[in-house]
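One structure is given below, encoded as structure tokens.
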Amino acid sequence: MRSIKSTRRHVALAGLSAFALAACGSDNNRNTVTPPPPPPAMASFDVTVTNLTNAQPLSPVAVIAHQDGYSVFTIGMAATTGLENLAEGGDNTMLIVEADADANVLASGSGAAPIGPAGSETVTVDVLESDLPDLRISVSTMLVNTNDGISGLNGVDISGLAEGDAWTGRGIVYDAGTEADTEAAGTIPGPADGGEGFNAARDDSDDRVTMHAGIVTQDDGLATSVLTGQHKFDNPAIMVRIERTD
Amino acid sequence: MKRLLGAMFLMASLFGAQTASAVDFNVRIVNLSNGIYYTPFLVAAHPAGTSIFTVGQPASANLQAMAEGGDISGLVGDLNGLGATIAENPAGGLLGPAAETDVDLNTDGTSNELLTIVAMLLPTNDAFAGLNAVQIPTEPGTYVFDVPAYDAGTEANDELLTGGGAPGAAGMPADPGMLTGTGGTGAAAADANPNVHIHRGSLGDLDPTGGTSDLDSSVHRWLNPVIRVVVTVR
């Protein structure tokens with residue numbers, strides 16, 4: 001931790017003006033030409049998301065590298081419209097646009113395709129080495145055979161991750177709180193239904209993100225549900241491995 | 001060597017301010033659920049080797065009183081007997097869905113190095129959230145604990161709203177959210193496991209005036225974790 005901080009300080013110094021270089025350059029005699037500053041050093045992270053569920057495909061994941069101050073959501077607060085789009089329809093486009101507009105966000109990436117049960121996908125994000133000391137990574141994806149169930153990680157602190165090291169964690173399932181969990185035909189975008197995705201109406205019991213209580217399903221007494229016992233899930237729903245490759 | 005260490009610990013306890021477990025910290029408790037309320041929380045730092053419940057063991061009478069009726073007074077007495085550092089009822093009453101509360105604790109001058117947090121889930125028969133005797137970090141920073149729901153194992157999960165809050169009385173004491181039904185016939189008899197165990201979850205049904213349960217299966221179920229505890233060590 002300390003050594004990363006001091007490394008970062010040196011990198012920052014290297015980017016300062018020639019005056020600063022001259023002032024601290026007593027160990028080297030660079031008195032003729034100021035060399036061009038080296039390209040900024042980058043750190044690269046492979047973020048691999050694995051689907052641990054029985055029959056809940058995951059929408060293409062959003063991976064966001066950021067600093068303290070950004071959060072995909074907060075328990076008890078209303079979801080952003082971007083998160084609502086992801087949670088109801090599996091479309092991460094607006095969530096990523098929102099993130100990229102946030103001053104605390106450093107980089108973002110999207111999965112190329114949905115991730116089926118037992119499947120996985122790796123998304124790579126690159127950040128400046130100088131941004132490592134306060135680096136967090138968030139991951140967000142929809143369980144598509146739900147009304148508005150999402151999984152992910154919210155601001156995992158990986159500032160101490162050294163090159164070649166990896167961090168592995170598991171994600172639980174949240175309810176975006178933007179759509180009532182009716183499980184009714186026509187309301188679920190995944191293959192269990194092929195129904196509606198995003199709808200701007202917010203008709204859940206309360207417009208706020210909480211834990212998902214699970215689905216009831218037609219096999220457990222909710223006759224109007226298009227979901228079956230196959231679609232039930234428990235926590236955790238995803239595994240996330242973050243490896244610093246560079 | 002052992003005796004020397006013992007003497008050093010004795011010295012440390014005599015000069016209380018120098019004990020290794022002196023930690024000034026904040027405990028934030030977030031109700032993660034959308035349909036569950038919590039009775040007043042008990043937050044306590046207590047000595048190594050002590051706990052107020054053990055998974056796989058029968059609940060004490062005082063744990064039962066908390067889990068069945070939300071009464072923490074007996075557990076507070078137990079913990080005071082251990083010299084614990086205690087915060088009672090930081091939310092000043094019930095902690096509703098998606099709500100949070102926080103409280104400061106300081107173990108300066110004590111040997112209280114473990115953290116325990118409990119409160120009953122409403123509406124249930126004897127479910128409680130339990131952070132059980134985890135080591136309190138001493139390094140300044142923020143630490144997150146996701147906490148599951150336990151079943152005290154002391155009462156049948158009949159899921160009937162019959163006001164049974166006293167230890168040993170059947171039924172659920174209350175539903176602050178007022179979303180329960182009536183007329184259920186009883187969802188379950190006595191627990192197969194009479195010891196403290198991870199709660200198997202509530203069943204509920206979709207019949208507000210009958211069925212087996214007074215709970216609503218689309219409102220009162222939950223998946224773990226049920227609360228999140230954020231410890232900030234200063």
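Here's how to read the names in the structure tokens: chain A, B, ... by the order shown, residue numbers from 1 in each chain, ligand numbers from 1 in the order shown.
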At most 7 Å to chain B: residues in chain A, only C-alpha atoms, as a PyMOL selection string:
chain A and resi 75-76+210-214+216+234-235
Considering only alpha helix (DSSP H) as DSSP defines it on the backbone, what residues of region 22-235 of chain A qualify? List them as a PyMOL selection string.
chain A and resi 22-23+81-89+93-100
Can you tell me, as an MDAnalysis selection string, what residues are no more than 8 Å from region 179-188 of chain B when counting only C-alpha atoms, ignoring any on the same chain fewer than 5 positions away?
chainID B and resid 156:161 203:204 207:216 219
Please, which residues of region 22-207 of chain B, numbered as in this document, come out strand (DSSP E) from DSSP, as a tab-separated table (two decimals) with C-alpha atoms, in the first residue's frame?
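And here's selection-v8.tsv as it stands now:
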chain	number	residue	atom	x	y	z
B	24	ASP	CA	-12.89	3.78	18.83
B	25	PHE	CA	-15.31	2.80	16.11
B	26	ASN	CA	-18.66	3.40	14.48
B	27	VAL	CA	-21.18	0.68	13.66
B	28	ARG	CA	-23.65	1.31	10.85
B	29	ILE	CA	-26.50	-1.15	10.36
B	30	VAL	CA	-28.40	-1.23	7.06
B	31	ASN	CA	-31.69	-3.12	6.72
B	37	TYR	CA	-38.60	-4.69	10.10
B	38	TYR	CA	-36.18	-5.08	12.99
B	42	LEU	CA	-28.36	-4.84	20.56
B	43	VAL	CA	-24.79	-3.86	19.65
B	44	ALA	CA	-22.05	-5.10	21.96
B	45	ALA	CA	-18.29	-5.42	22.16
B	46	HIS	CA	-17.33	-8.20	24.52
B	47	PRO	CA	-14.30	-10.21	25.62
B	85	THR	CA	-19.38	-2.24	25.90
B	86	ILE	CA	-23.04	-1.97	24.91
B	87	ALA	CA	-25.23	0.17	22.69
B	88	GLU	CA	-28.94	-0.52	22.97
B	100	GLU	CA	-30.21	2.40	8.46
B	101	THR	CA	-28.88	3.50	11.82
B	102	ASP	CA	-25.47	3.92	13.38
B	103	VAL	CA	-23.81	4.18	16.77
B	104	ASP	CA	-20.34	4.88	18.18
B	105	LEU	CA	-18.58	2.48	20.51
B	106	ASN	CA	-15.27	2.82	22.29
B	112	ASN	CA	-13.75	-6.19	24.62
B	113	GLU	CA	-12.45	-7.28	21.25
B	114	LEU	CA	-15.43	-9.12	19.74
B	115	LEU	CA	-18.51	-7.54	18.16
B	116	THR	CA	-22.02	-8.99	18.37
B	117	ILE	CA	-25.18	-7.49	16.88
B	118	VAL	CA	-28.65	-9.04	17.11
B	119	ALA	CA	-32.26	-8.07	16.48
B	120	MET	CA	-35.47	-9.91	15.64
B	121	LEU	CA	-36.98	-9.88	12.15
B	122	LEU	CA	-40.64	-8.86	12.01
B	127	ALA	CA	-35.90	-15.19	13.27
B	128	PHE	CA	-33.06	-12.85	14.15
B	129	ALA	CA	-30.18	-11.20	12.37
B	130	GLY	CA	-26.93	-12.09	14.04
B	131	LEU	CA	-23.40	-10.87	13.69
B	132	ASN	CA	-21.81	-13.31	16.09
B	133	ALA	CA	-18.63	-12.46	17.99
B	134	VAL	CA	-16.49	-11.25	15.10
B	135	GLN	CA	-13.08	-9.78	15.80
B	141	GLY	CA	-10.50	1.63	8.01
B	142	THR	CA	-13.93	0.55	6.86
B	143	TYR	CA	-15.04	-3.05	7.20
B	144	VAL	CA	-18.23	-4.53	5.77
B	145	PHE	CA	-20.04	-7.56	7.17
B	146	ASP	CA	-23.04	-9.09	5.39
B	147	VAL	CA	-25.15	-10.74	8.06
B	149	ALA	CA	-30.84	-14.47	9.47
B	150	TYR	CA	-30.84	-17.22	12.08
B	151	ASP	CA	-33.71	-19.22	13.49
B	197	HIS	CA	-29.49	-22.47	12.81
B	198	ILE	CA	-29.60	-20.49	9.57
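When the distance limit is 7 Å and only C-alpha atoms are what count, the residues near Gly164 (chain A), minus those fewer than 2 positions from it on the same chain, are Ala162, Ala166, Glu243, Arg244 and Thr245 of chain A.
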Output N, CA and C atoms for every residue in the selection just made, as a PDB file, in the first residue's frame.
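Result went into result.pdb, see below:
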ATOM      1  N   ALA A 162      -1.546  -5.961  -6.680  1.00  0.00           N
ATOM      2  CA  ALA A 162      -0.285  -5.859  -7.412  1.00  0.00           C
ATOM      3  C   ALA A 162      -0.409  -6.544  -8.766  1.00  0.00           C
ATOM      4  N   ALA A 166      -4.765 -11.406  -8.161  1.00  0.00           N
ATOM      5  CA  ALA A 166      -6.189 -11.425  -8.469  1.00  0.00           C
ATOM      6  C   ALA A 166      -6.993 -11.382  -7.173  1.00  0.00           C
ATOM      7  N   GLU A 243      -8.362  -9.626 -12.084  1.00  0.00           N
ATOM      8  CA  GLU A 243      -6.918  -9.876 -12.143  1.00  0.00           C
ATOM      9  C   GLU A 243      -6.217  -8.665 -12.752  1.00  0.00           C
ATOM     10  N   ARG A 244      -5.195  -8.222 -12.059  1.00  0.00           N
ATOM     11  CA  ARG A 244      -4.388  -7.134 -12.617  1.00  0.00           C
ATOM     12  C   ARG A 244      -3.320  -7.750 -13.507  1.00  0.00           C
ATOM     13  N   THR A 245      -3.434  -7.511 -14.803  1.00  0.00           N
ATOM     14  CA  THR A 245      -2.544  -8.166 -15.753  1.00  0.00           C
ATOM     15  C   THR A 245      -1.375  -7.283 -16.153  1.00  0.00           C
TER      16      THR A 245
END
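Of note, CA of Gly69 (chain A) and CA of Ala201 (chain A) are spaced 28.0 Å apart.
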Residues near Asn154 (chain A), anyone? I mean within 9 Å using only C-alpha atoms, not counting same-chain ones fewer than 2 positions away, as JSON, numbers by chain.
{"A": [71, 72, 73, 74, 136, 137, 138, 139, 140, 152, 156]}
Export of prior selection with N, CA and C atoms as a PDB file, in the first residue's frame:
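Generated file (part-v5.pdb):
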ATOM      1  N   SER A  71     -21.026   5.404  -7.222  1.00  0.00           N
ATOM      2  CA  SER A  71     -21.640   4.155  -6.788  1.00  0.00           C
ATOM      3  C   SER A  71     -22.739   3.800  -7.773  1.00  0.00           C
ATOM      4  N   VAL A  72     -22.840   2.524  -8.163  1.00  0.00           N
ATOM      5  CA  VAL A  72     -23.886   2.109  -9.097  1.00  0.00           C
ATOM      6  C   VAL A  72     -25.260   2.344  -8.472  1.00  0.00           C
ATOM      7  N   PHE A  73     -25.344   2.074  -7.175  1.00  0.00           N
ATOM      8  CA  PHE A  73     -26.593   2.315  -6.450  1.00  0.00           C
ATOM      9  C   PHE A  73     -26.297   2.370  -4.966  1.00  0.00           C
ATOM     10  N   THR A  74     -27.277   2.819  -4.204  1.00  0.00           N
ATOM     11  CA  THR A  74     -27.185   2.831  -2.751  1.00  0.00           C
ATOM     12  C   THR A  74     -28.451   2.186  -2.208  1.00  0.00           C
ATOM     13  N   ARG A 136     -11.461   1.563  -7.406  1.00  0.00           N
ATOM     14  CA  ARG A 136     -12.528   0.623  -7.094  1.00  0.00           C
ATOM     15  C   ARG A 136     -13.109   0.087  -8.405  1.00  0.00           C
ATOM     16  N   ILE A 137     -13.686  -1.080  -8.343  1.00  0.00           N
ATOM     17  CA  ILE A 137     -14.348  -1.631  -9.525  1.00  0.00           C
ATOM     18  C   ILE A 137     -15.758  -2.041  -9.151  1.00  0.00           C
ATOM     19  N   SER A 138     -16.698  -1.658 -10.012  1.00  0.00           N
ATOM     20  CA  SER A 138     -18.084  -2.078  -9.850  1.00  0.00           C
ATOM     21  C   SER A 138     -18.499  -2.891 -11.064  1.00  0.00           C
ATOM     22  N   VAL A 139     -19.373  -3.844 -10.808  1.00  0.00           N
ATOM     23  CA  VAL A 139     -19.882  -4.717 -11.863  1.00  0.00           C
ATOM     24  C   VAL A 139     -21.397  -4.755 -11.710  1.00  0.00           C
ATOM     25  N   SER A 140     -22.120  -4.706 -12.831  1.00  0.00           N
ATOM     26  CA  SER A 140     -23.573  -4.766 -12.728  1.00  0.00           C
ATOM     27  C   SER A 140     -24.148  -5.553 -13.895  1.00  0.00           C
ATOM     28  N   GLY A 152     -24.186  -7.940  -8.892  1.00  0.00           N
ATOM     29  CA  GLY A 152     -22.979  -7.181  -9.168  1.00  0.00           C
ATOM     30  C   GLY A 152     -22.191  -6.925  -7.918  1.00  0.00           C
ATOM     31  N   VAL A 156     -15.744  -2.352  -5.225  1.00  0.00           N
ATOM     32  CA  VAL A 156     -14.730  -3.171  -4.558  1.00  0.00           C
ATOM     33  C   VAL A 156     -13.392  -2.432  -4.579  1.00  0.00           C
TER      34      VAL A 156
END
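Omitting Ala91 (chain B) and its sequence neighbours fewer than 3 positions away, and counting only C-alpha atoms, the residues within 7 Å are B:Pro40, B:Leu94, B:Leu95, B:Thr101.
The neighbours of Ile215 (chain A) here are the residues that come within 9 Å of it, using only C-alpha atoms and leaving out any residue fewer than 2 positions away in the same chain; they are Thr146, Asp181, Glu183, His212, Ala213, Thr217, Leu227, Gly229, His231, Lys232 and Phe233 of chain A; Ser218 of chain B.
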